[in-house]
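Here's start.txt, which has compact mmCIF, C-alpha atoms:
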```txt
# COMPACT_ATOMS: atom_id res chain seq x y z
CA MET A 17 -8.28 -14.45 -27.45
CA ILE A 18 -9.78 -10.98 -27.80
CA PRO A 19 -7.66 -8.64 -29.94
CA LEU A 20 -5.99 -5.69 -28.24
CA GLY A 21 -7.99 -3.21 -30.30
CA HIS A 22 -11.28 -4.32 -28.79
CA TYR A 23 -10.10 -3.52 -25.28
CA LEU A 24 -8.75 -0.17 -26.43
CA ILE A 25 -12.10 0.69 -28.00
CA VAL A 26 -13.88 -0.13 -24.73
CA SER A 27 -11.32 1.98 -22.89
CA ALA A 28 -11.81 4.87 -25.29
CA VAL A 29 -15.59 4.74 -24.97
CA LEU A 30 -15.37 4.67 -21.17
CA PHE A 31 -12.98 7.62 -21.21
CA ALA A 32 -15.35 9.52 -23.49
CA VAL A 33 -18.24 8.80 -21.14
CA GLY A 34 -16.20 10.03 -18.18
CA SER A 35 -15.10 13.22 -19.88
CA ALA A 36 -18.66 13.86 -21.04
CA GLY A 37 -19.74 13.56 -17.41
CA VAL A 38 -17.14 16.08 -16.30
CA PHE A 39 -18.34 18.60 -18.86
CA MET A 40 -22.09 17.97 -18.69
CA ARG A 41 -22.91 17.53 -15.04
CA ARG A 42 -23.45 20.36 -12.60
CA ASN A 43 -22.75 18.42 -9.42
CA LEU A 44 -19.30 18.27 -7.86
CA ILE A 45 -19.70 14.69 -6.62
CA THR A 46 -20.82 13.43 -10.03
CA ILE A 47 -17.87 15.22 -11.59
CA LEU A 48 -15.51 13.37 -9.22
CA LEU A 49 -17.23 10.09 -10.14
CA SER A 50 -16.69 10.87 -13.83
CA ILE A 51 -13.00 11.38 -13.12
CA GLU A 52 -12.96 7.91 -11.54
CA ILE A 53 -14.53 6.50 -14.73
CA MET A 54 -11.77 8.10 -16.78
CA LEU A 55 -9.05 6.70 -14.50
CA ASN A 56 -10.59 3.25 -14.86
CA ALA A 57 -10.65 3.54 -18.64
CA VAL A 58 -6.94 4.30 -18.58
CA ASN A 59 -6.36 1.36 -16.23
CA LEU A 60 -8.08 -0.96 -18.69
CA ALA A 61 -5.82 0.27 -21.49
CA PHE A 62 -2.73 -0.29 -19.30
CA VAL A 63 -3.69 -3.87 -18.44
CA ALA A 64 -4.62 -4.63 -22.05
CA PHE A 65 -1.29 -3.32 -23.32
CA GLY A 66 0.61 -5.22 -20.66
CA ARG A 67 -1.22 -8.43 -21.51
CA HIS A 68 -0.51 -7.89 -25.18
CA ALA A 69 3.19 -7.33 -24.53
CA GLY A 70 3.37 -10.24 -22.09
CA ILE A 71 4.70 -8.20 -19.16
CA VAL A 72 3.26 -7.40 -15.73
CA ASP A 73 4.36 -3.75 -15.73
CA GLY A 74 0.93 -2.70 -16.94
CA GLN A 75 -0.65 -4.17 -13.82
CA ILE A 76 1.93 -2.45 -11.59
CA ILE A 77 1.10 0.93 -13.13
CA VAL A 78 -2.57 0.21 -12.49
CA ALA A 79 -1.78 -0.37 -8.81
CA PHE A 80 -0.11 3.06 -8.69
CA VAL A 81 -3.03 4.67 -10.53
CA MET A 82 -5.39 3.19 -7.96
CA THR A 83 -3.32 4.71 -5.15
CA VAL A 84 -3.35 8.10 -6.82
CA ALA A 85 -7.09 7.78 -7.42
CA ALA A 86 -7.66 7.04 -3.74
CA ALA A 87 -5.58 10.06 -2.68
CA GLU A 88 -7.33 12.24 -5.25
CA ALA A 89 -10.77 11.14 -4.05
CA ALA A 90 -9.89 11.76 -0.40
CA VAL A 91 -8.60 15.30 -1.03
CA GLY A 92 -11.28 16.04 -3.63
CA LEU A 93 -14.11 15.01 -1.35
CA ALA A 94 -12.61 17.01 1.51
CA ILE A 95 -12.60 20.05 -0.79
CA VAL A 96 -16.21 19.34 -1.76
CA VAL A 97 -17.21 19.17 1.91
CA ALA A 98 -15.39 22.44 2.64
CA LEU A 99 -16.99 24.15 -0.38
CA PHE A 100 -20.43 22.92 0.59
CA ARG A 101 -19.94 24.28 4.09
CA HIS A 102 -18.93 27.59 2.57
CA ARG A 103 -21.77 28.06 0.08
CA GLU A 104 -24.41 25.40 0.85
CA SER A 105 -24.27 24.27 -2.75
CA LEU A 106 -22.73 21.52 -4.87
CA ASN A 107 -23.14 23.39 -8.14
CA PRO A 108 -19.71 24.34 -9.54
CA ASP A 109 -21.27 27.51 -10.95
CA ALA A 110 -21.73 28.71 -7.38
CA PHE A 111 -17.99 28.93 -6.86
CA THR A 112 -16.93 31.72 -9.21
CA SER A 113 -15.28 34.08 -6.74
CA LEU A 114 -11.91 33.67 -8.47
CA LYS A 115 -13.42 34.45 -11.88
CA TRP A 116 -12.79 37.92 -13.27
CA MET B 143 -16.17 -18.48 -27.96
CA GLY B 144 -17.20 -18.18 -24.35
CA GLU B 145 -14.44 -15.67 -23.77
CA THR B 146 -15.65 -13.51 -26.64
CA LEU B 147 -19.21 -13.60 -25.34
CA LEU B 148 -18.07 -12.67 -21.83
CA PHE B 149 -15.98 -9.82 -23.22
CA TYR B 150 -18.93 -8.30 -25.03
CA VAL B 151 -21.26 -8.78 -22.04
CA PHE B 152 -18.80 -7.18 -19.60
CA SER B 153 -17.90 -4.36 -22.00
CA ALA B 154 -21.52 -3.53 -22.77
CA ALA B 155 -22.45 -3.62 -19.08
CA ALA B 156 -19.46 -1.46 -18.08
CA ILE B 157 -20.20 1.15 -20.74
CA GLY B 158 -23.93 1.04 -20.05
CA THR B 159 -23.62 1.50 -16.30
CA SER B 160 -21.00 4.22 -16.77
CA ALA B 161 -23.35 6.07 -19.11
CA MET B 162 -26.11 5.73 -16.53
CA VAL B 163 -23.76 7.16 -13.87
CA ILE B 164 -23.60 10.46 -15.69
CA GLY B 165 -27.28 10.25 -16.65
CA GLN B 166 -28.57 10.14 -13.08
CA ARG B 167 -29.79 13.25 -11.30
CA ASN B 168 -29.33 11.67 -7.88
CA PRO B 169 -25.67 11.22 -6.87
CA MET B 170 -26.60 8.27 -4.65
CA TYR B 171 -27.68 6.23 -7.66
CA SER B 172 -24.62 7.44 -9.56
CA VAL B 173 -22.34 6.01 -6.87
CA LEU B 174 -24.17 2.67 -6.75
CA LEU B 175 -24.15 2.39 -10.56
CA LEU B 176 -20.44 3.13 -10.56
CA VAL B 177 -19.93 0.20 -8.17
CA ALA B 178 -21.68 -1.99 -10.75
CA SER B 179 -19.48 -0.53 -13.48
CA PHE B 180 -16.35 -1.34 -11.46
CA GLY B 181 -17.58 -4.91 -11.00
CA MET B 182 -17.95 -5.29 -14.76
CA MET B 183 -14.46 -3.85 -15.31
CA SER B 184 -13.18 -6.38 -12.82
CA GLY B 185 -14.61 -9.09 -15.07
CA LEU B 186 -12.69 -7.58 -17.98
CA TYR B 187 -9.49 -7.76 -15.92
CA VAL B 188 -10.10 -11.46 -15.27
CA LEU B 189 -10.43 -11.94 -19.03
CA LEU B 190 -7.09 -10.15 -19.40
CA ASP B 191 -5.41 -12.69 -17.06
CA ALA B 192 -4.97 -10.11 -14.31
CA PRO B 193 -6.70 -11.67 -11.28
CA PHE B 194 -4.76 -9.51 -8.81
CA ILE B 195 -5.92 -6.29 -10.44
CA ALA B 196 -9.47 -7.67 -10.63
CA VAL B 197 -9.56 -8.33 -6.89
CA THR B 198 -7.91 -4.97 -6.12
CA GLN B 199 -10.49 -3.27 -8.30
CA ILE B 200 -13.29 -4.74 -6.20
CA VAL B 201 -11.65 -4.20 -2.80
CA VAL B 202 -10.13 -0.74 -3.31
CA TYR B 203 -12.43 0.89 -5.84
CA ALA B 204 -15.83 -0.69 -5.32
CA GLY B 205 -15.20 -1.21 -1.62
CA ALA B 206 -13.19 1.58 -0.04
CA LEU B 207 -13.40 4.44 -2.51
CA MET B 208 -17.11 4.19 -3.24
CA VAL B 209 -17.92 3.93 0.49
CA LEU B 210 -16.02 7.21 0.89
CA PHE B 211 -18.16 8.76 -1.84
CA LEU B 212 -21.33 7.35 -0.27
CA PHE B 213 -20.36 8.86 3.07
CA VAL B 214 -19.97 12.30 1.54
CA VAL B 215 -23.20 12.00 -0.45
CA MET B 216 -25.11 11.08 2.68
CA LEU B 217 -23.28 13.67 4.80
CA LEU B 218 -24.11 16.54 2.48
CA ASN B 219 -27.67 15.29 2.12
CA ARG B 220 -28.27 17.00 -1.18
CA PRO B 221 -30.17 14.28 -3.04
CA SER B 222 -30.40 15.81 -6.50
CA GLU B 223 -29.10 18.71 -8.50
CA ASP B 224 -32.53 20.29 -8.68
CA ASP B 225 -33.73 19.33 -5.22
CA GLY B 226 -36.79 17.93 -6.97
CA ASP B 227 -39.59 16.44 -4.93
CA TRP B 228 -39.99 13.41 -7.20
CA ASP B 229 -37.54 11.34 -5.15
CA VAL B 230 -39.45 11.67 -1.87
CA ALA B 231 -41.65 8.66 -2.63
CA HIS B 232 -39.09 6.70 -4.56
CA PRO B 233 -39.63 2.90 -4.58
CA LEU B 234 -36.21 2.28 -3.05
CA LYS B 235 -37.37 3.95 0.15
CA ARG B 236 -40.30 1.59 0.62
CA PRO B 237 -39.87 -1.27 3.10
CA GLY B 238 -40.61 -3.92 0.45
CA MET B 239 -37.54 -2.92 -1.53
CA ALA B 240 -35.47 -2.84 1.66
CA ARG B 241 -36.46 -6.45 2.32
CA PHE B 242 -35.55 -7.32 -1.26
CA GLY B 243 -32.12 -5.76 -0.74
CA ALA B 244 -31.59 -7.72 2.46
CA GLY B 245 -32.50 -10.91 0.60
CA LEU B 246 -30.01 -10.08 -2.13
CA ALA B 247 -27.28 -9.47 0.46
CA THR B 248 -27.97 -12.83 2.08
CA LEU B 249 -27.87 -14.46 -1.34
CA LEU B 250 -24.46 -12.89 -1.93
CA VAL B 251 -23.10 -14.34 1.32
CA VAL B 252 -24.43 -17.81 0.45
CA GLN B 253 -23.03 -17.54 -3.06
CA LEU B 254 -19.60 -16.43 -1.84
CA ALA B 255 -19.43 -19.20 0.74
CA TRP B 256 -20.47 -21.77 -1.89
CA ALA B 257 -17.86 -20.52 -4.35
CA LEU B 258 -15.05 -20.44 -1.77
CA ILE B 259 -15.84 -23.94 -0.52
CA ARG B 260 -15.91 -25.36 -4.02
CA THR B 261 -12.76 -23.64 -5.26
CA THR B 262 -9.90 -26.09 -5.57
CA ARG B 263 -7.49 -24.11 -7.73
CA LEU B 264 -6.79 -21.15 -5.45
CA GLN B 265 -3.10 -21.89 -5.71
CA ASP B 266 -3.15 -21.02 -9.41
CA ALA B 267 -3.94 -17.40 -8.61
CA VAL B 268 -0.91 -17.15 -6.35
CA ASN B 269 1.67 -19.12 -8.29
CA GLY B 270 0.28 -18.64 -11.79
CA THR B 271 -1.14 -21.36 -13.97
CA SER B 272 1.12 -24.13 -15.15
CA ASP B 273 1.34 -22.75 -18.68
CA GLY B 274 2.43 -19.37 -17.32
CA SER B 275 -0.32 -17.43 -19.07
CA SER B 276 -1.79 -15.89 -15.94
CA ALA B 277 0.28 -13.19 -14.21
CA SER B 278 0.72 -14.41 -10.68
CA VAL B 279 0.73 -12.39 -7.50
CA ARG B 280 4.27 -13.62 -6.91
CA THR B 281 5.48 -12.16 -10.21
CA ILE B 282 3.72 -8.86 -9.57
CA GLY B 283 5.17 -8.62 -6.08
CA ARG B 284 8.69 -9.34 -7.30
CA VAL B 285 8.53 -6.70 -10.03
CA LEU B 286 6.83 -4.20 -7.73
CA PHE B 287 9.34 -4.44 -4.91
CA GLN B 288 12.46 -4.80 -7.06
CA ASP B 289 12.02 -2.68 -10.19
CA TYR B 290 9.54 -0.15 -8.82
CA THR B 291 10.77 0.25 -5.24
CA PHE B 292 11.27 4.01 -5.42
CA ALA B 293 7.85 4.63 -6.97
CA PHE B 294 6.29 2.42 -4.34
CA GLU B 295 7.93 4.35 -1.52
CA ALA B 296 7.01 7.67 -3.14
CA THR B 297 3.42 6.47 -3.13
CA SER B 298 3.48 6.23 0.64
CA VAL B 299 4.49 9.90 0.85
CA LEU B 300 1.64 10.76 -1.51
CA ILE B 301 -0.84 8.96 0.71
CA LEU B 302 0.52 10.76 3.77
CA VAL B 303 0.11 14.13 2.04
CA ALA B 304 -3.42 13.20 0.99
CA LEU B 305 -4.22 12.17 4.55
CA VAL B 306 -2.95 15.43 6.03
CA GLY B 307 -4.65 17.48 3.31
CA GLY B 308 -7.96 15.68 3.75
CA VAL B 309 -7.95 16.16 7.52
CA TYR B 310 -7.00 19.83 7.18
CA LEU B 311 -9.58 20.63 4.48
CA ALA B 312 -12.44 18.84 6.17
CA ASN B 313 -11.63 20.48 9.49
CA ARG B 314 -14.21 22.89 10.90
CA GLU B 315 -13.52 26.58 10.37
CA GLU B 316 -13.63 27.64 14.02
CA SER B 317 -11.19 25.00 15.25
CA ARG B 318 -8.39 26.16 12.98
```
How would this structure read if it were set down as structure tokens?
Amino acid sequence: MIPLGHYLIVSAVLFAVGSAGVFMRRNLITILLSIEIMLNAVNLAFVAFGRHAGIVDGQIIVAFVMTVAAAEAAVGLAIVVALFRHRESLNPDAFTSLKW
Amino acid sequence: MGETLLFYVFSAAAIGTSAMVIGQRNPMYSVLLLVASFGMMSGLYVLLDAPFIAVTQIVVYAGALMVLFLFVVMLLNRPSEDDGDWDVAHPLKRPGMARFGAGLATLLVVQLAWALIRTTRLQDAVNGTSDGSSASVRTIGRVLFQDYTFAFEATSVLILVALVGGVYLANREESR
């Protein structure tokens, strides 16, 4: 059996990749995809912890996280579509009207 | 031994494809690579004795959510961040590659049919294995609908709000 730490390391690396994507990319859709990577990394940690503790609660939390991720993607993509219609751009630097 | 090997293969593939997701200039490839990444994570869930989560990962994430992303990517039709002209003659747009993709899709159907016909231990995924190591769908359902009933019901409200918000935000300006 694989030790818990190995799964946590994979989860940490995936989360780091996702957060790097959020900070590095200049495309709103890719940023949303990076957020999905981060959510998945957390899911992996939840399932690994639950398996280690011998309970199914970890998997239940993952089901909730998936629901939230679906809702977040639906609203997020709707915002992206609205923003694109407004400015004809997907670059987050194009939307700085609220900056002062 | 085999489990260890599978773990390293799945982990390396998941991390590699995720890194390629953020390395791509074209969001279309990013979405498709993320589907591959989710498939690899699903393999990790199987190794963690969570077959229900593994299947949900494929159906909800790789299926529904990524199709939503693909729709928006195609709808906005903004292929790359730079609008570079290098992707006009990309190999994926040639008919030969399209035929290759169709062949792969057919292969997937044959493979799935073969696997489903040959599977004799489907019951284990529902009731759990005899030694109780694998978390069964029955156990998950019992815990979900008994201990987490309120959270489950609250989730339905969340989805309703997301539905209304998505429809409102994506609505055309003049029809408001």
Using only C-alpha atoms, I'd like every residue of chain B that has an atom within 7 Å of chain A; please write them out as a list in words.
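My answer is Thr146, Ser153, Ile157, Ser160, Ala161, Ile164, Pro169, Leu190, Ile195, Leu207, Glu223, Ala277, Ile282, Leu286, Ile301, Ala304, Gly307, Gly308, Leu311 and Ala312 of chain B.
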Take the residues just selected and output them with C-alpha atoms as a short mmCIF file (atom, residue, chain, number, x, y, z; two decimals), in the coordinates of the input.
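Full text of out21.cif as output:
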```cif
data_model
loop_
_atom_site.label_atom_id
_atom_site.label_comp_id
_atom_site.auth_asym_id
_atom_site.auth_seq_id
_atom_site.Cartn_x
_atom_site.Cartn_y
_atom_site.Cartn_z
CA THR B 146 -15.65 -13.51 -26.64
CA SER B 153 -17.90 -4.36 -22.00
CA ILE B 157 -20.20 1.15 -20.74
CA SER B 160 -21.00 4.22 -16.77
CA ALA B 161 -23.35 6.07 -19.11
CA ILE B 164 -23.60 10.46 -15.69
CA PRO B 169 -25.67 11.22 -6.87
CA LEU B 190 -7.09 -10.15 -19.40
CA ILE B 195 -5.92 -6.29 -10.44
CA LEU B 207 -13.40 4.44 -2.51
CA GLU B 223 -29.10 18.71 -8.50
CA ALA B 277 0.28 -13.19 -14.21
CA ILE B 282 3.72 -8.86 -9.57
CA LEU B 286 6.83 -4.20 -7.73
CA ILE B 301 -0.84 8.96 0.71
CA ALA B 304 -3.42 13.20 0.99
CA GLY B 307 -4.65 17.48 3.31
CA GLY B 308 -7.96 15.68 3.75
CA LEU B 311 -9.58 20.63 4.48
CA ALA B 312 -12.44 18.84 6.17
#
```
What separates CA of Asp289 in chain B and CA of Val188 in chain B is a distance of 24.3 Å
Between CA of Tyr203 in chain B and CA of Val177 in chain B lies a distance of 7.9 Å
Exercise for the section: Could you jot down the CA of Met182 in chain B to CA of Phe152 in chain B separation for me, Å, one decimal place? Expected result: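 Atom-to-atom, CA of Met182 in chain B to CA of Phe152 in chain B, that is 5.3 Å.
Residue nearest Val209 in chain B, chosen from B:Leu147, B:Met170, B:Gly283, B:Val303 and counting all atoms listed in the file: B:Met170.
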